[in-house]
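K.L.:
Hey, dropping model01.pdb in here, PDB, C-alpha atoms:
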```pdb
ATOM      1  CA  MET A   1      31.251  42.731  95.520  1.00  0.00           C
ATOM      2  CA  LYS A   2      32.174  44.926  92.599  1.00  0.00           C
ATOM      3  CA  LYS A   3      31.345  43.594  89.169  1.00  0.00           C
ATOM      4  CA  CYS A   4      34.433  42.672  87.179  1.00  0.00           C
ATOM      5  CA  GLU A   5      34.076  44.823  84.063  1.00  0.00           C
ATOM      6  CA  MET A   6      35.972  45.499  80.863  1.00  0.00           C
ATOM      7  CA  ILE A   7      37.080  48.897  79.564  1.00  0.00           C
ATOM      8  CA  PHE A   8      37.858  49.365  75.866  1.00  0.00           C
ATOM      9  CA  GLY A   9      40.435  51.637  74.193  1.00  0.00           C
ATOM     10  CA  ILE A  10      43.623  53.429  75.244  1.00  0.00           C
ATOM     11  CA  ARG A  11      42.059  56.728  76.281  1.00  0.00           C
ATOM     12  CA  ALA A  12      39.388  55.036  78.390  1.00  0.00           C
ATOM     13  CA  THR A  13      42.081  52.902  80.009  1.00  0.00           C
ATOM     14  CA  LEU A  14      44.243  55.925  80.830  1.00  0.00           C
ATOM     15  CA  GLU A  15      41.249  57.702  82.338  1.00  0.00           C
ATOM     16  CA  THR A  16      40.383  54.615  84.404  1.00  0.00           C
ATOM     17  CA  ILE A  17      43.926  54.397  85.782  1.00  0.00           C
ATOM     18  CA  GLN A  18      43.739  58.045  86.831  1.00  0.00           C
ATOM     19  CA  THR A  19      40.659  57.260  88.943  1.00  0.00           C
ATOM     20  CA  ASP A  20      42.805  54.827  90.983  1.00  0.00           C
ATOM     21  CA  LYS A  21      40.475  51.903  90.262  1.00  0.00           C
ATOM     22  CA  GLU A  22      42.117  48.522  90.741  1.00  0.00           C
ATOM     23  CA  ILE A  23      43.054  46.906  87.425  1.00  0.00           C
ATOM     24  CA  ASN A  24      43.646  43.183  87.025  1.00  0.00           C
ATOM     25  CA  LYS A  25      45.304  43.305  83.624  1.00  0.00           C
ATOM     26  CA  ILE A  26      45.425  45.052  80.265  1.00  0.00           C
ATOM     27  CA  LEU A  27      45.414  43.194  76.947  1.00  0.00           C
ATOM     28  CA  ILE A  28      46.892  44.992  73.931  1.00  0.00           C
ATOM     29  CA  ARG A  29      46.820  43.882  70.314  1.00  0.00           C
ATOM     30  CA  GLN A  30      50.140  42.673  68.987  1.00  0.00           C
ATOM     31  CA  SER A  31      51.964  45.107  66.645  1.00  0.00           C
ATOM     32  CA  PHE A  32      49.798  47.976  67.903  1.00  0.00           C
ATOM     33  CA  ASN A  33      51.940  51.028  68.678  1.00  0.00           C
ATOM     34  CA  ASN A  34      51.501  54.789  68.989  1.00  0.00           C
ATOM     35  CA  LYS A  35      52.376  57.677  71.306  1.00  0.00           C
ATOM     36  CA  LEU A  36      49.448  57.077  73.660  1.00  0.00           C
ATOM     37  CA  LEU A  37      50.365  53.420  73.957  1.00  0.00           C
ATOM     38  CA  ARG A  38      53.909  54.308  74.984  1.00  0.00           C
ATOM     39  CA  LYS A  39      52.427  56.580  77.668  1.00  0.00           C
ATOM     40  CA  LEU A  40      50.231  53.706  78.820  1.00  0.00           C
ATOM     41  CA  PHE A  41      53.223  51.373  79.117  1.00  0.00           C
ATOM     42  CA  PHE A  42      55.085  53.955  81.207  1.00  0.00           C
ATOM     43  CA  ILE A  43      52.172  54.443  83.616  1.00  0.00           C
ATOM     44  CA  THR A  44      51.376  50.739  84.009  1.00  0.00           C
ATOM     45  CA  LYS A  45      55.000  49.933  84.772  1.00  0.00           C
ATOM     46  CA  ASN A  46      55.075  52.500  87.580  1.00  0.00           C
ATOM     47  CA  LYS A  47      51.776  51.243  88.990  1.00  0.00           C
ATOM     48  CA  ASN A  48      52.616  47.510  88.712  1.00  0.00           C
ATOM     49  CA  ILE A  49      49.702  46.781  86.379  1.00  0.00           C
ATOM     50  CA  PRO A  50      50.088  43.606  84.249  1.00  0.00           C
ATOM     51  CA  VAL A  51      50.103  44.261  80.486  1.00  0.00           C
ATOM     52  CA  HIS A  52      49.992  41.482  77.876  1.00  0.00           C
ATOM     53  CA  ARG A  53      50.385  41.560  74.112  1.00  0.00           C
ATOM     54  CA  VAL A  54      47.830  39.254  72.471  1.00  0.00           C
ATOM     55  CA  PRO A  55      46.624  38.440  68.933  1.00  0.00           C
ATOM     56  CA  HIS A  56      43.785  40.528  67.527  1.00  0.00           C
ATOM     57  CA  LYS A  57      41.684  37.356  67.390  1.00  0.00           C
ATOM     58  CA  LYS A  58      41.942  36.977  71.173  1.00  0.00           C
ATOM     59  CA  LEU A  59      40.489  40.445  71.748  1.00  0.00           C
ATOM     60  CA  ASN A  60      37.638  39.743  69.327  1.00  0.00           C
ATOM     61  CA  GLN A  61      36.833  36.546  71.209  1.00  0.00           C
ATOM     62  CA  LEU A  62      36.451  38.503  74.428  1.00  0.00           C
ATOM     63  CA  THR A  63      34.060  41.107  73.074  1.00  0.00           C
ATOM     64  CA  SER A  64      32.093  42.040  69.959  1.00  0.00           C
ATOM     65  CA  LYS A  65      32.420  45.734  70.829  1.00  0.00           C
ATOM     66  CA  ASN A  66      34.917  48.115  69.254  1.00  0.00           C
ATOM     67  CA  HIS A  67      37.863  47.478  71.585  1.00  0.00           C
ATOM     68  CA  GLN A  68      40.318  49.600  69.526  1.00  0.00           C
ATOM     69  CA  GLY A  69      43.087  47.085  70.253  1.00  0.00           C
ATOM     70  CA  VAL A  70      42.985  47.474  74.040  1.00  0.00           C
ATOM     71  CA  ILE A  71      40.873  45.702  76.665  1.00  0.00           C
ATOM     72  CA  THR A  72      41.281  46.524  80.355  1.00  0.00           C
ATOM     73  CA  PHE A  73      39.907  44.340  83.138  1.00  0.00           C
ATOM     74  CA  ILE A  74      38.822  46.132  86.314  1.00  0.00           C
ATOM     75  CA  SER A  75      39.466  44.131  89.482  1.00  0.00           C
ATOM     76  CA  ALA A  76      36.590  42.832  91.583  1.00  0.00           C
ATOM     77  CA  ILE A  77      38.535  43.697  94.770  1.00  0.00           C
ATOM     78  CA  THR A  78      41.017  46.241  96.057  1.00  0.00           C
ATOM     79  CA  TYR A  79      44.517  44.810  96.348  1.00  0.00           C
ATOM     80  CA  GLN A  80      46.347  45.426  99.608  1.00  0.00           C
ATOM     81  CA  LYS A  81      49.993  46.237 100.340  1.00  0.00           C
ATOM     82  CA  LEU A  82      52.034  43.635 102.212  1.00  0.00           C
ATOM     83  CA  GLU A  83      54.135  46.385 103.779  1.00  0.00           C
ATOM     84  CA  ASN A  84      50.993  47.704 105.476  1.00  0.00           C
ATOM     85  CA  ILE A  85      49.569  44.377 106.611  1.00  0.00           C
ATOM     86  CA  VAL A  86      52.513  42.779 108.433  1.00  0.00           C
ATOM     87  CA  PRO A  87      53.350  45.692 110.791  1.00  0.00           C
ATOM     88  CA  PHE A  88      49.655  45.989 111.631  1.00  0.00           C
ATOM     89  CA  LEU A  89      49.534  42.291 112.594  1.00  0.00           C
ATOM     90  CA  TYR A  90      52.416  42.778 115.009  1.00  0.00           C
ATOM     91  CA  GLU A  91      50.744  45.860 116.478  1.00  0.00           C
ATOM     92  CA  GLU A  92      47.660  43.739 117.185  1.00  0.00           C
ATOM     93  CA  GLY A  93      49.782  41.094 118.896  1.00  0.00           C
ATOM     94  CA  LYS A  94      49.145  38.484 116.215  1.00  0.00           C
ATOM     95  CA  VAL A  95      51.571  35.871 114.879  1.00  0.00           C
ATOM     96  CA  PRO A  96      51.598  36.464 111.095  1.00  0.00           C
ATOM     97  CA  LEU A  97      50.673  33.669 108.704  1.00  0.00           C
ATOM     98  CA  ILE A  98      51.146  34.628 105.059  1.00  0.00           C
ATOM     99  CA  LEU A  99      50.672  32.497 101.939  1.00  0.00           C
ATOM    100  CA  LEU A 100      52.622  33.260  98.760  1.00  0.00           C
ATOM    101  CA  LEU A 101      51.601  31.859  95.367  1.00  0.00           C
ATOM    102  CA  ASP A 102      54.299  31.382  92.741  1.00  0.00           C
ATOM    103  CA  LYS A 103      52.643  31.412  89.310  1.00  0.00           C
ATOM    104  CA  VAL A 104      49.435  29.610  90.225  1.00  0.00           C
ATOM    105  CA  THR A 105      47.365  29.959  87.054  1.00  0.00           C
ATOM    106  CA  ASP A 106      44.176  27.938  87.598  1.00  0.00           C
ATOM    107  CA  VAL A 107      41.323  30.137  88.811  1.00  0.00           C
ATOM    108  CA  ARG A 108      39.581  27.210  90.540  1.00  0.00           C
ATOM    109  CA  ASN A 109      42.717  26.346  92.476  1.00  0.00           C
ATOM    110  CA  PHE A 110      43.091  29.976  93.464  1.00  0.00           C
ATOM    111  CA  GLY A 111      39.530  30.129  94.737  1.00  0.00           C
ATOM    112  CA  ALA A 112      39.900  26.890  96.682  1.00  0.00           C
ATOM    113  CA  ILE A 113      43.187  28.082  98.192  1.00  0.00           C
ATOM    114  CA  ALA A 114      41.577  31.340  99.314  1.00  0.00           C
ATOM    115  CA  ARG A 115      38.737  29.414 100.937  1.00  0.00           C
ATOM    116  CA  SER A 116      41.223  27.289 102.901  1.00  0.00           C
ATOM    117  CA  CYS A 117      43.122  30.438 103.890  1.00  0.00           C
ATOM    118  CA  VAL A 118      40.067  32.032 105.464  1.00  0.00           C
ATOM    119  CA  CYS A 119      39.220  28.786 107.285  1.00  0.00           C
ATOM    120  CA  THR A 120      42.741  28.528 108.745  1.00  0.00           C
ATOM    121  CA  GLY A 121      43.346  32.131 109.739  1.00  0.00           C
ATOM    122  CA  VAL A 122      45.801  33.161 107.019  1.00  0.00           C
ATOM    123  CA  ASN A 123      46.358  36.906 107.233  1.00  0.00           C
ATOM    124  CA  ALA A 124      47.028  37.560 103.542  1.00  0.00           C
ATOM    125  CA  ILE A 125      47.715  35.938 100.172  1.00  0.00           C
ATOM    126  CA  VAL A 126      50.569  37.321  98.079  1.00  0.00           C
ATOM    127  CA  ILE A 127      50.537  36.935  94.293  1.00  0.00           C
ATOM    128  CA  PRO A 128      52.981  38.210  91.651  1.00  0.00           C
ATOM    129  CA  ILE A 129      51.945  40.671  88.970  1.00  0.00           C
ATOM    130  CA  ASP A 130      52.891  38.430  86.052  1.00  0.00           C
ATOM    131  CA  ASN A 131      52.119  34.798  85.209  1.00  0.00           C
ATOM    132  CA  ASN A 132      49.625  34.344  88.008  1.00  0.00           C
ATOM    133  CA  VAL A 133      45.870  34.180  88.231  1.00  0.00           C
ATOM    134  CA  SER A 134      44.221  37.414  89.353  1.00  0.00           C
ATOM    135  CA  VAL A 135      41.111  38.031  91.414  1.00  0.00           C
ATOM    136  CA  ASN A 136      38.093  37.918  89.123  1.00  0.00           C
ATOM    137  CA  THR A 137      34.450  36.978  89.577  1.00  0.00           C
ATOM    138  CA  ASP A 138      35.129  33.294  88.817  1.00  0.00           C
ATOM    139  CA  ALA A 139      37.825  33.143  91.508  1.00  0.00           C
ATOM    140  CA  ILE A 140      35.537  34.854  94.005  1.00  0.00           C
ATOM    141  CA  LYS A 141      32.735  32.425  93.225  1.00  0.00           C
ATOM    142  CA  THR A 142      35.024  29.398  93.617  1.00  0.00           C
ATOM    143  CA  SER A 143      36.307  30.793  96.913  1.00  0.00           C
ATOM    144  CA  ALA A 144      32.731  30.955  98.254  1.00  0.00           C
ATOM    145  CA  GLY A 145      33.300  34.665  98.777  1.00  0.00           C
ATOM    146  CA  ALA A 146      36.538  34.222 100.731  1.00  0.00           C
ATOM    147  CA  LEU A 147      38.412  36.561  98.409  1.00  0.00           C
ATOM    148  CA  ILE A 148      36.130  39.410  99.454  1.00  0.00           C
ATOM    149  CA  SER A 149      37.302  39.297 103.078  1.00  0.00           C
ATOM    150  CA  LEU A 150      40.852  37.955 102.674  1.00  0.00           C
ATOM    151  CA  PRO A 151      43.563  40.539 101.918  1.00  0.00           C
ATOM    152  CA  VAL A 152      45.289  39.841  98.595  1.00  0.00           C
ATOM    153  CA  CYS A 153      48.611  41.567  97.924  1.00  0.00           C
ATOM    154  CA  ARG A 154      49.795  41.849  94.327  1.00  0.00           C
ATOM    155  CA  GLU A 155      53.545  42.393  94.375  1.00  0.00           C
ATOM    156  CA  SER A 156      56.003  43.103  91.575  1.00  0.00           C
ATOM    157  CA  SER A 157      58.156  40.193  92.732  1.00  0.00           C
ATOM    158  CA  ILE A 158      57.617  37.209  95.015  1.00  0.00           C
ATOM    159  CA  ILE A 159      61.341  37.350  95.804  1.00  0.00           C
ATOM    160  CA  ASN A 160      61.023  40.930  97.026  1.00  0.00           C
ATOM    161  CA  ALA A 161      57.996  39.948  99.093  1.00  0.00           C
ATOM    162  CA  ILE A 162      59.966  37.113 100.692  1.00  0.00           C
ATOM    163  CA  GLU A 163      62.869  39.407 101.504  1.00  0.00           C
ATOM    164  CA  PHE A 164      60.463  41.871 103.124  1.00  0.00           C
ATOM    165  CA  LEU A 165      58.842  39.098 105.189  1.00  0.00           C
ATOM    166  CA  LYS A 166      62.264  37.929 106.329  1.00  0.00           C
ATOM    167  CA  MET A 167      63.097  41.451 107.499  1.00  0.00           C
ATOM    168  CA  CYS A 168      59.831  41.374 109.437  1.00  0.00           C
ATOM    169  CA  GLY A 169      60.909  38.232 111.263  1.00  0.00           C
ATOM    170  CA  CYS A 170      58.968  35.624 109.298  1.00  0.00           C
ATOM    171  CA  LYS A 171      60.348  32.194 108.486  1.00  0.00           C
ATOM    172  CA  ILE A 172      59.725  31.182 104.877  1.00  0.00           C
ATOM    173  CA  TYR A 173      58.803  27.587 104.019  1.00  0.00           C
ATOM    174  CA  ALA A 174      58.512  26.250 100.481  1.00  0.00           C
ATOM    175  CA  SER A 175      56.206  23.336  99.736  1.00  0.00           C
ATOM    176  CA  THR A 176      57.760  20.928  97.229  1.00  0.00           C
ATOM    177  CA  GLU A 177      57.730  17.173  96.689  1.00  0.00           C
ATOM    178  CA  LYS A 178      61.494  17.367  96.139  1.00  0.00           C
ATOM    179  CA  ALA A 179      62.119  18.318  99.777  1.00  0.00           C
ATOM    180  CA  ILE A 180      63.498  15.906 102.372  1.00  0.00           C
ATOM    181  CA  ILE A 181      61.902  17.244 105.573  1.00  0.00           C
ATOM    182  CA  PRO A 182      58.230  16.314 106.197  1.00  0.00           C
ATOM    183  CA  TYR A 183      55.988  19.321 106.739  1.00  0.00           C
ATOM    184  CA  THR A 184      55.034  18.098 110.217  1.00  0.00           C
ATOM    185  CA  LYS A 185      58.638  18.451 111.460  1.00  0.00           C
ATOM    186  CA  ILE A 186      58.588  22.248 111.221  1.00  0.00           C
ATOM    187  CA  ASP A 187      57.606  24.655 114.003  1.00  0.00           C
ATOM    188  CA  TYR A 188      54.936  27.035 112.650  1.00  0.00           C
ATOM    189  CA  THR A 189      54.165  28.768 115.923  1.00  0.00           C
ATOM    190  CA  HIS A 190      56.437  31.701 115.047  1.00  0.00           C
ATOM    191  CA  PRO A 191      55.731  34.271 112.285  1.00  0.00           C
ATOM    192  CA  THR A 192      55.412  32.126 109.170  1.00  0.00           C
ATOM    193  CA  ALA A 193      55.097  32.447 105.408  1.00  0.00           C
ATOM    194  CA  ILE A 194      54.401  29.447 103.176  1.00  0.00           C
ATOM    195  CA  VAL A 195      55.154  29.374  99.451  1.00  0.00           C
ATOM    196  CA  VAL A 196      53.266  27.092  97.058  1.00  0.00           C
ATOM    197  CA  GLY A 197      53.981  26.794  93.368  1.00  0.00           C
ATOM    198  CA  ASN A 198      52.672  26.363  89.876  1.00  0.00           C
ATOM    199  CA  GLU A 199      50.356  23.430  89.140  1.00  0.00           C
ATOM    200  CA  ASN A 200      52.817  21.893  86.673  1.00  0.00           C
ATOM    201  CA  ASN A 201      56.317  23.054  87.578  1.00  0.00           C
ATOM    202  CA  GLY A 202      56.098  23.826  91.277  1.00  0.00           C
ATOM    203  CA  ILE A 203      58.080  26.667  92.851  1.00  0.00           C
ATOM    204  CA  SER A 204      60.714  28.459  90.769  1.00  0.00           C
ATOM    205  CA  GLN A 205      64.317  27.564  91.616  1.00  0.00           C
ATOM    206  CA  ASN A 206      65.288  31.163  92.352  1.00  0.00           C
ATOM    207  CA  ILE A 207      62.516  31.328  94.943  1.00  0.00           C
ATOM    208  CA  LEU A 208      63.360  27.935  96.455  1.00  0.00           C
ATOM    209  CA  HIS A 209      66.927  29.112  97.029  1.00  0.00           C
ATOM    210  CA  ILE A 210      65.934  32.037  99.250  1.00  0.00           C
ATOM    211  CA  CYS A 211      63.366  30.187 101.390  1.00  0.00           C
ATOM    212  CA  ASP A 212      64.493  29.168 104.874  1.00  0.00           C
ATOM    213  CA  GLN A 213      63.387  25.568 104.430  1.00  0.00           C
ATOM    214  CA  SER A 214      61.678  23.298 101.915  1.00  0.00           C
ATOM    215  CA  VAL A 215      59.117  20.809 103.186  1.00  0.00           C
ATOM    216  CA  LYS A 216      57.219  17.928 101.653  1.00  0.00           C
ATOM    217  CA  ILE A 217      53.921  16.147 102.153  1.00  0.00           C
ATOM    218  CA  PRO A 218      54.623  12.384 102.147  1.00  0.00           C
ATOM    219  CA  MET A 219      53.040  10.546  99.206  1.00  0.00           C
ATOM    220  CA  LEU A 220      52.160   6.861  99.706  1.00  0.00           C
ATOM    221  CA  GLY A 221      50.625   6.056  96.325  1.00  0.00           C
ATOM    222  CA  HIS A 222      51.975   6.115  92.789  1.00  0.00           C
ATOM    223  CA  ILE A 223      51.032   9.795  92.247  1.00  0.00           C
ATOM    224  CA  SER A 224      53.923  12.082  93.128  1.00  0.00           C
ATOM    225  CA  SER A 225      52.072  15.167  94.342  1.00  0.00           C
ATOM    226  CA  LEU A 226      48.753  16.620  95.450  1.00  0.00           C
ATOM    227  CA  ASN A 227      46.738  19.288  93.689  1.00  0.00           C
ATOM    228  CA  VAL A 228      48.129  22.653  94.826  1.00  0.00           C
ATOM    229  CA  SER A 229      44.909  23.688  96.565  1.00  0.00           C
ATOM    230  CA  VAL A 230      44.737  20.384  98.477  1.00  0.00           C
ATOM    231  CA  ALA A 231      48.428  20.553  99.426  1.00  0.00           C
ATOM    232  CA  THR A 232      47.944  24.114 100.669  1.00  0.00           C
ATOM    233  CA  ALA A 233      45.037  23.061 102.884  1.00  0.00           C
ATOM    234  CA  VAL A 234      47.095  20.205 104.360  1.00  0.00           C
ATOM    235  CA  LEU A 235      49.962  22.559 105.215  1.00  0.00           C
ATOM    236  CA  LEU A 236      47.731  25.239 106.675  1.00  0.00           C
ATOM    237  CA  TYR A 237      45.889  22.840 108.950  1.00  0.00           C
ATOM    238  CA  GLU A 238      49.199  21.692 110.396  1.00  0.00           C
ATOM    239  CA  VAL A 239      49.825  25.334 111.275  1.00  0.00           C
ATOM    240  CA  VAL A 240      46.391  25.461 112.920  1.00  0.00           C
ATOM    241  CA  ARG A 241      47.082  22.255 114.868  1.00  0.00           C
ATOM    242  CA  GLN A 242      50.380  23.535 116.239  1.00  0.00           C
ATOM    243  CA  ARG A 243      49.107  27.007 117.073  1.00  0.00           C
ATOM    244  CA  ASN A 244      46.043  25.566 118.802  1.00  0.00           C
ATOM    245  CA  GLN A 245      48.325  23.484 120.999  1.00  0.00           C
ATOM    246  CA  LYS A 246      50.266  26.618 121.936  1.00  0.00           C
ATOM    247  CA  GLN A 247      46.982  28.530 122.361  1.00  0.00           C
ATOM    248  CA  LEU A 248      48.012  31.086 119.760  1.00  0.00           C
ATOM    249  CA  LEU A 249      44.637  31.075 118.020  1.00  0.00           C
TER     250      LEU A 249
END
```
Step by step, read the file and then write its structure as structure tokens.

P.N.:
Amino acid sequence: MKKCEMIFGIRATLETIQTDKEINKILIRQSFNNKLLRKLFFITKNKNIPVHRVPHKKLNQLTSKNHQGVITFISAITYQKLENIVPFLYEEGKVPLILLLDKVTDVRNFGAIARSCVCTGVNAIVIPIDNNVSVNTDAIKTSAGALISLPVCRESSIINAIEFLKMCGCKIYASTEKAIIPYTKIDYTHPTAIVVGNENNGISQNILHICDQSVKIPMLGHISSLNVSVATAVLLYEVVRQRNQKQLL
């Protein structure tokens, strides 16, 4: 496992990007602006690297070193491309099972989800560039190392990823407590992608609208929903149950 490290300064960040190292995110001091910074913004946009403006105090809390207004976080893994993974699965005669995360922000949930994915045969996790937890050492630790072996695809848009999966023949199912159909009433033995949402707000409406079907996990108590990592495990093990019955695993 690569150590998740920090790079300081614009020039060092630009040089790091040119080496093709995977970058989780770049934090830039608010109100900071110059010619090199504009170049950095242009490059990061083309390479789908998340960039966030933050207060100077935030940068100082992260390091006592001279950060020069820019801190770059190197990823602990190499992100994969969804467009490469799905065709390869078909070539191997596998029935794809993909999990998409819509703005999941808790690193412990992310790690637990990844652990469940490895245990249930998920082929890849898809995360958006913005407003989503990234793969860092804490996530890897929580996942019990699952994030080292499980392909993670960081896409510019979950919507675009869904559209691509649809073109590849996958059915897209959204997990939400607002759905009517129980998750056990769906056939997961065909190429499948499951979308789970943010810990507080669930799946975005624009994503819900393009999914093939929304499903729910019945709740019998007074609490309306499960933790996202628990709900994900429940859904994935239903996929395992059905595919075992059809001898697809």

K.L.:
Once the PyMOL selection byres ((chain A and resi 37-53) around 9) has been evaluated on this model, what residues remain selected, and can you format them as an MDAnalysis selection string?

P.N.:
chainID A and resid 10 13:14 17 22:36 54:55 129:130 154:156

K.L.:
Skipping near chain neighbours, those fewer than 6 positions away, what residues fall within 9 Å of Ile159 in chain A using all atoms listed in the file, listed as an MDAnalysis selection string?

P.N.:
chainID A and resid 206:207 210

K.L.:
My list of candidates is A:Asn66, A:Gln213, A:Ser175, A:Ser157. Which is closest to Val195 in chain A when distances are computed with all atoms listed in the file?

P.N.:
A:Ser175

K.L.:
CA of Val239 in chain A and CA of Ala144 in chain A, how far apart in Å?

P.N.:
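We find that CA of Ala144 in chain A and CA of Val239 in chain A lie 22.2 Å from each other.
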
K.L.:
Excluding range 90-105 of chain A and any residue of its chain fewer than 6 positions from it, enumerate the residues within 9 Å of it, using all atoms listed in the file, and give them as a PyMOL selection string.

P.N.:
chain A and resi 117+121-128+130-134+158+161-162+165+170+188-199+202-204+207+228+232+239+248-249

K.L.:
Compile the contact shell of Val118 in chain A as a count of residues only: residues with an atom at most 7 Å away, counting all atoms listed in the file, same-chain residues fewer than 4 positions apart removed.

P.N.:
4

K.L.:
Give me the result of the PyMOL selection byres ((chain A and resi 77) around 7) on this file, residue by residue, as a compact mmCIF listing (two decimals) with C-alpha atoms, keeping the file's coordinate frame.

P.N.:
```
# COMPACT_ATOMS: atom_id res chain seq x y z
CA LYS A 2 32.17 44.93 92.60
CA SER A 75 39.47 44.13 89.48
CA ALA A 76 36.59 42.83 91.58
CA THR A 78 41.02 46.24 96.06
CA TYR A 79 44.52 44.81 96.35
CA ILE A 148 36.13 39.41 99.45
```

K.L.:
For the structure provided, state which residues fall under the PyMOL selection byres ((chain A and resi 225) around 12), and present them as a list in words.

P.N.:
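That expression, the PyMOL selection byres ((chain A and resi 225) around 12), corresponds here to Ser175, Thr176, Glu177, Lys178, Ala179, Gly197, Glu199, Asn200, Asn201, Gly202, Lys216, Ile217, Pro218, Met219, Leu220, Gly221, His222, Ile223, Ser224, Leu226, Asn227, Val228, Ser229, Val230, Ala231 and Thr232 of chain A.
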